[in-house]
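Pasted below: protein.tsv, TSV, C-alpha atoms.
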```
chain	number	residue	atom	x	y	z
A	1	MET	CA	1.38	-31.97	-20.13
A	2	ALA	CA	2.12	-28.24	-20.44
A	3	THR	CA	4.20	-26.65	-17.71
A	4	PRO	CA	2.08	-24.12	-15.79
A	5	GLN	CA	3.07	-20.47	-15.95
A	6	PRO	CA	4.92	-19.19	-12.89
A	7	LEU	CA	2.78	-17.67	-10.18
A	8	THR	CA	3.52	-13.93	-10.23
A	9	PHE	CA	3.76	-12.17	-6.87
A	10	ALA	CA	3.99	-8.35	-6.80
A	11	VAL	CA	5.71	-6.42	-4.02
A	12	PRO	CA	6.15	-2.68	-3.44
A	13	LYS	CA	9.44	-0.86	-3.24
A	14	GLY	CA	10.36	0.80	0.05
A	15	ARG	CA	9.49	0.52	3.71
A	16	ILE	CA	6.66	-2.02	3.54
A	17	LEU	CA	8.83	-4.44	1.56
A	18	ASP	CA	11.56	-4.44	4.21
A	19	GLU	CA	9.04	-5.45	6.86
A	20	ALA	CA	7.18	-7.89	4.61
A	21	LEU	CA	10.18	-9.95	3.44
A	22	PRO	CA	10.44	-12.05	6.64
A	23	VAL	CA	6.69	-12.79	6.47
A	24	MET	CA	7.01	-13.73	2.81
A	25	ALA	CA	9.90	-16.06	3.59
A	26	ARG	CA	7.85	-17.91	6.21
A	27	ALA	CA	5.09	-18.35	3.62
A	28	GLY	CA	7.53	-19.76	1.06
A	29	VAL	CA	7.76	-16.65	-1.14
A	30	VAL	CA	11.52	-16.14	-1.34
A	31	PRO	CA	13.12	-14.06	-4.10
A	32	GLU	CA	16.44	-15.06	-5.64
A	33	ALA	CA	19.64	-13.55	-4.26
A	34	ALA	CA	19.80	-10.87	-6.99
A	35	PHE	CA	16.64	-9.30	-5.54
A	36	HIS	CA	18.62	-8.09	-2.52
A	37	ASP	CA	21.42	-6.50	-4.58
A	38	LYS	CA	20.97	-2.72	-4.13
A	39	GLU	CA	22.66	-2.08	-7.47
A	40	ASN	CA	20.29	-4.37	-9.38
A	41	ARG	CA	17.67	-2.41	-11.33
A	42	SER	CA	15.71	-5.44	-12.54
A	43	LEU	CA	12.00	-5.47	-11.80
A	44	SER	CA	11.36	-9.21	-12.19
A	45	PHE	CA	13.04	-12.00	-10.23
A	46	ALA	CA	12.72	-15.74	-9.93
A	47	GLY	CA	11.52	-17.30	-6.72
A	48	GLU	CA	14.23	-19.25	-4.89
A	49	GLY	CA	13.42	-22.92	-5.43
A	50	SER	CA	9.99	-24.13	-6.39
A	51	GLY	CA	8.34	-24.64	-3.00
A	52	GLU	CA	4.80	-25.79	-2.40
A	53	HIS	CA	3.41	-23.08	-4.67
A	54	GLY	CA	5.34	-24.17	-7.76
A	55	THR	CA	7.60	-21.88	-9.76
A	56	MET	CA	7.25	-18.21	-8.89
A	57	ARG	CA	8.10	-14.85	-10.38
A	58	ILE	CA	8.43	-11.91	-7.99
A	59	ILE	CA	8.05	-8.42	-9.44
A	60	ARG	CA	9.09	-5.24	-7.59
A	61	VAL	CA	7.11	-2.14	-8.58
A	62	ARG	CA	5.55	1.02	-7.15
A	63	ALA	CA	2.90	0.39	-4.51
A	64	SER	CA	0.09	1.74	-6.69
A	65	ASP	CA	1.23	-0.51	-9.52
A	66	VAL	CA	1.10	-3.59	-7.27
A	67	ALA	CA	-2.66	-3.05	-6.99
A	68	THR	CA	-3.02	-2.55	-10.74
A	69	PHE	CA	-0.99	-5.62	-11.72
A	70	VAL	CA	-3.02	-7.81	-9.36
A	71	ALA	CA	-6.41	-6.30	-10.18
A	72	PHE	CA	-5.92	-6.88	-13.91
A	73	GLY	CA	-4.51	-10.38	-13.48
A	74	ALA	CA	-0.95	-9.69	-14.63
A	75	ALA	CA	0.08	-10.80	-11.14
A	76	GLN	CA	-1.98	-13.26	-9.19
A	77	ALA	CA	-1.04	-12.04	-5.71
A	78	GLY	CA	0.99	-9.40	-3.93
A	79	ILE	CA	1.51	-7.23	-0.88
A	80	VAL	CA	0.50	-3.59	-0.58
A	81	GLY	CA	-0.64	-1.07	2.03
A	82	SER	CA	-4.32	-0.77	2.86
A	83	ASP	CA	-4.11	2.89	1.79
A	84	VAL	CA	-3.50	1.80	-1.81
A	85	ILE	CA	-6.35	-0.72	-1.69
A	86	GLU	CA	-8.73	1.98	-0.43
A	87	GLU	CA	-7.57	4.54	-2.99
A	88	PHE	CA	-8.02	2.36	-6.06
A	89	ASP	CA	-10.97	0.20	-4.93
A	90	TYR	CA	-10.61	-2.29	-7.81
A	91	SER	CA	-13.47	-4.79	-7.91
A	92	GLU	CA	-11.10	-7.67	-8.81
A	93	LEU	CA	-8.88	-7.00	-5.81
A	94	TYR	CA	-9.38	-9.14	-2.70
A	95	ALA	CA	-7.39	-8.51	0.49
A	96	PRO	CA	-7.87	-11.62	2.66
A	97	VAL	CA	-5.03	-11.18	5.18
A	98	ASP	CA	-3.81	-8.25	7.26
A	99	LEU	CA	-0.10	-8.99	7.63
A	100	ALA	CA	0.26	-6.69	10.66
A	101	VAL	CA	3.42	-5.04	9.34
A	102	GLY	CA	4.04	-1.65	7.74
A	103	HIS	CA	1.93	0.19	10.30
A	104	CYS	CA	1.35	3.90	9.83
A	105	ARG	CA	-1.66	6.17	9.30
A	106	LEU	CA	-3.16	8.36	6.60
A	107	SER	CA	-3.71	11.81	8.04
A	108	VAL	CA	-4.61	15.42	7.36
A	109	ALA	CA	-1.91	17.96	8.20
A	110	GLU	CA	-1.72	21.74	8.07
A	111	PRO	CA	0.79	24.52	8.77
A	112	ARG	CA	1.56	24.87	12.46
A	113	ASP	CA	0.83	28.60	12.46
A	114	THR	CA	-2.73	28.34	11.08
A	115	ALA	CA	-5.91	27.93	13.10
A	116	GLU	CA	-6.91	24.34	13.86
A	117	TYR	CA	-8.93	22.85	11.02
A	118	ASN	CA	-12.68	22.80	11.59
A	119	ALA	CA	-14.89	21.43	8.81
A	120	GLY	CA	-17.72	23.63	10.01
A	121	HIS	CA	-15.71	26.74	9.13
A	122	ALA	CA	-14.81	25.79	5.56
A	123	SER	CA	-16.79	24.66	2.53
A	124	HIS	CA	-13.88	24.38	0.12
A	125	LEU	CA	-10.23	23.41	0.61
A	126	ARG	CA	-7.37	22.71	-1.73
A	127	ILE	CA	-5.60	19.52	-0.67
A	128	ALA	CA	-2.23	18.23	-1.86
A	129	THR	CA	-2.15	14.44	-1.82
A	130	LYS	CA	-1.39	11.28	-3.74
A	131	TYR	CA	-4.72	9.94	-2.46
A	132	PRO	CA	-7.31	12.13	-4.22
A	133	ASN	CA	-10.10	9.55	-4.01
A	134	ILE	CA	-9.73	8.90	-0.29
A	135	ALA	CA	-9.29	12.59	0.48
A	136	SER	CA	-12.29	13.67	-1.60
A	137	ARG	CA	-14.57	11.09	0.03
A	138	TRP	CA	-13.35	11.92	3.54
A	139	PHE	CA	-13.85	15.67	3.22
A	140	GLU	CA	-17.15	15.28	1.36
A	141	ALA	CA	-18.50	13.24	4.28
A	142	ARG	CA	-17.75	16.28	6.45
A	143	GLY	CA	-19.46	18.76	4.14
A	144	VAL	CA	-16.25	20.08	2.59
A	145	GLN	CA	-15.52	20.22	-1.13
A	146	ALA	CA	-11.90	19.15	-1.56
A	147	GLU	CA	-10.00	20.30	-4.62
A	148	CYS	CA	-7.25	17.69	-4.72
A	149	VAL	CA	-3.88	18.46	-6.27
A	150	LYS	CA	-2.14	15.17	-7.09
A	151	LEU	CA	1.45	14.97	-5.91
A	152	ASN	CA	3.59	11.86	-5.67
A	153	GLY	CA	6.12	13.26	-3.20
A	154	ALA	CA	7.35	16.37	-1.36
A	155	MET	CA	3.82	16.84	-0.05
A	156	GLU	CA	5.07	18.83	2.93
A	157	LEU	CA	6.18	21.71	0.67
A	158	ALA	CA	2.72	22.35	-0.76
A	159	PRO	CA	1.24	24.58	1.99
A	160	SER	CA	4.35	26.76	2.41
A	161	LEU	CA	4.48	27.40	-1.35
A	162	GLY	CA	0.78	28.20	-1.61
A	163	LEU	CA	-0.12	25.12	-3.59
A	164	SER	CA	-2.57	23.85	-1.00
A	165	MET	CA	-4.15	24.65	2.35
A	166	ARG	CA	-3.78	21.13	3.75
A	167	ILE	CA	-2.10	17.87	2.84
A	168	VAL	CA	-3.26	14.26	3.14
A	169	ASP	CA	-0.33	11.88	3.48
A	170	LEU	CA	1.04	8.87	5.31
A	171	VAL	CA	2.41	9.58	8.78
A	172	SER	CA	4.58	7.31	10.87
A	173	THR	CA	6.45	9.24	13.56
A	174	GLY	CA	5.37	12.73	12.48
A	175	ARG	CA	8.98	13.90	12.33
A	176	THR	CA	8.87	14.91	8.65
A	177	LEU	CA	5.74	16.99	9.28
A	178	ALA	CA	7.32	18.75	12.25
A	179	GLU	CA	10.54	19.52	10.37
A	180	ASN	CA	8.47	21.18	7.65
A	181	GLY	CA	6.29	23.27	9.95
A	182	LEU	CA	3.19	21.07	9.79
A	183	VAL	CA	0.99	19.46	12.42
A	184	GLU	CA	-1.23	16.40	12.12
A	185	THR	CA	-4.85	17.39	12.74
A	186	GLU	CA	-6.99	14.39	11.74
A	187	VAL	CA	-6.39	10.68	11.22
A	188	ILE	CA	-8.32	9.40	8.20
A	189	MET	CA	-7.41	5.72	8.55
A	190	PRO	CA	-4.84	3.38	10.07
A	191	VAL	CA	-2.68	1.64	7.48
A	192	SER	CA	-0.99	-1.77	7.42
A	193	ALA	CA	0.31	-4.16	4.77
A	194	ARG	CA	-2.17	-6.63	3.29
A	195	LEU	CA	-1.90	-9.73	1.17
A	196	ILE	CA	-3.93	-9.10	-1.99
A	197	VAL	CA	-5.02	-11.55	-4.66
A	198	ASN	CA	-6.87	-11.43	-7.94
A	199	ARG	CA	-10.42	-12.73	-7.36
A	200	THR	CA	-10.53	-14.73	-10.60
A	201	ALA	CA	-7.12	-16.29	-9.94
A	202	LEU	CA	-8.24	-17.26	-6.44
A	203	LYS	CA	-11.17	-19.19	-7.92
A	204	THR	CA	-9.29	-20.82	-10.79
A	205	ASP	CA	-5.73	-21.42	-9.56
A	206	ALA	CA	-5.27	-23.76	-6.59
A	207	ARG	CA	-1.80	-22.29	-6.00
A	208	VAL	CA	-3.33	-18.92	-5.15
A	209	ALA	CA	-5.79	-20.43	-2.69
A	210	ALA	CA	-2.94	-22.39	-1.06
A	211	LEU	CA	-0.87	-19.22	-0.78
A	212	VAL	CA	-3.73	-17.37	0.93
A	213	GLU	CA	-4.17	-20.20	3.42
A	214	ARG	CA	-0.45	-20.21	4.20
A	215	PHE	CA	-0.38	-16.46	4.91
A	216	ARG	CA	-3.59	-16.75	6.91
A	217	ALA	CA	-2.18	-19.58	9.02
A	218	LEU	CA	0.96	-17.57	9.74
A	219	ARG	CA	-1.15	-14.60	10.84
A	220	GLU	CA	-3.16	-16.79	13.19
A	221	GLU	CA	0.06	-18.23	14.61
A	222	SER	CA	1.41	-14.76	15.33
A	223	LYS	CA	-1.84	-13.76	17.06
A	224	ALA	CA	-1.66	-16.83	19.28
A	225	ALA	CA	2.00	-16.30	20.17
```

This structure in structure tokens:
Amino acid sequence: MATPQPLTFAVPKGRILDEALPVMARAGVVPEAAFHDKENRSLSFAGEGSGEHGTMRIIRVRASDVATFVAFGAAQAGIVGSDVIEEFDYSELYAPVDLAVGHCRLSVAEPRDTAEYNAGHASHLRIATKYPNIASRWFEARGVQAECVKLNGAMELAPSLGLSMRIVDLVSTGRTLAENGLVETEVIMPVSARLIVNRTALKTDARVAALVERFRALREESKAA
């Protein structure tokens, strides 16, 4: 009998991963020791032991790439922020569990010294963001045509350098906005980390269904605590 391929679990680099690792461990998704070595530049790691889900491969990639790997079936499951899920809206992506970690919000911000934003006073705005789909939909619903300039970082510089009138970005404490002369004016959506799975894999691979149930049970336990 052929040995089944490892179950591939995708995780994002950065803040969400730090908060998600303890949740993953409780669900039996534990990367090998090399994963925690800050000098290690590998992107793919073995799972520690086999566990109830069988052999596992854990890949560490950009948050947007987590969604792509899972949506196209290269990874069967993963963890990513709800902002990424909303931005890409892949039909093969299913997000069955809110992990209740990685909380922040996706917001509109503008220079402190400009008048407060009012959609009724503008029909067109240039927006700097790495979320052009979310931003376009949000402003369109308010009767504003948003010309989105895609940036992957340093969003806060865009208004001061004349690249945009507003930005749409993730906000946690608001400190970075304040230090760059910006104020948060609208909250588009709250954001938290979600377990995501490939819909086809969920239907055809019992390991994926078992993984979902384990994460779901842990979430229910935490609610009851």

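Note that CA of Leu151 (chain A) and CA of His124 (chain A) are 19.0 Å apart.
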
Of the residues A:Glu156, A:Val197, A:Val108, A:Asp98, which is the one nearest to Ala10 (chain A), using only C-alpha atoms?
->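 Among the listed residues, the smallest separation from Ala10 (chain A) belongs to A:Val197.
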
Residues of region 73-105 of chain A at most 8 Å from region 210-223 of chain A: nearest atom pair and distance in Å, all atoms listed in the file, as a tab-separated table:
```
residue	atom	partner	partner_atom	distance
A:Pro96	CA	A:Val212	CA	7.3
A:Val97	CA	A:Arg216	CA	6.0
A:Asp98	CA	A:Arg219	CA	7.8
A:Leu99	CA	A:Arg219	CA	6.5
```

Would you write out those residues with C-alpha atoms, as a PDB file, in the coordinates of the input?
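Okay, part35.pdb is ready:
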```
ATOM      1  CA  PRO A  96      -7.870 -11.620   2.660  1.00  0.00           C
ATOM      2  CA  VAL A  97      -5.030 -11.180   5.180  1.00  0.00           C
ATOM      3  CA  ASP A  98      -3.810  -8.250   7.260  1.00  0.00           C
ATOM      4  CA  LEU A  99      -0.100  -8.990   7.630  1.00  0.00           C
TER       5      LEU A  99
END
```

Of the candidates A:Ala71, A:Ala178, A:Leu17, A:Leu170, which shows the shortest atom-to-atom distance to Tyr94 (chain A), using only C-alpha atoms?
->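 Closest residue, counting only C-alpha atoms: A:Ala71.
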
Could you give me, as a ChimeraX atom specification, the residues that sit within 8 Å of (5.7, -19.7, -13.1) in the file's coordinates, counting all atoms listed in the file?
-> /A:4-8,54-57

Using only C-alpha atoms, which of the listed residues (A:Ala154, A:Arg105, A:Arg137, A:Cys148) sits closest to Leu125 (chain A)?
->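 Answer, going by the shortest atom-to-atom distance: A:Cys148.
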
Polymer residues at most 7 Å from region 23-32 of chain A, all atoms listed in the file, same-chain spacing of 6 or more positions, as a ChimeraX atom specification = /A:45-48,51,58,214-215

Could you pull the residues within 12 Å of Cys104 (chain A), counting all atoms listed in the file, minus those fewer than 5 positions along the same chain, as a list in words?
-> Arg15, Ile16, Gly81, Ser82, Asp83, Asp169, Leu170, Val171, Ser172, Thr173, Gly174, Val187, Ile188, Met189, Pro190, Val191, Ser192 and Ala193 of chain A

Given only C-alpha atoms as the counted atoms, nearest of A:Leu182, A:Ala109, A:Ala77, A:Ala34 to Asp205 (chain A) |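 The answer is A:Ala77, which sits nearest to Asp205 (chain A).
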
Starting from the point (9.3, -3.3, -6.7), work out which residues of protein, DNA or RNA have an atom no more than 12 Å away when counting all atoms listed in the file; state them as a count of residues only.
-> 34

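Of the residues listed (A:Thr68, A:Gln76, A:Ser136, A:Ser160), A:Ser160 shows the shortest atom-to-atom separation from Asp113 (chain A); distances use only C-alpha atoms.
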
Give me, please, the distance in Å between CA of Ala158 (chain A) and CA of Glu186 (chain A), quoted to one decimal.
->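 These atoms are spaced 17.7 Å apart.
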
Record the distance separating CA of Lys130 (chain A) and CA of Phe88 (chain A), expressed in Å with one decimal.
->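 It comes out at 11.4 Å.
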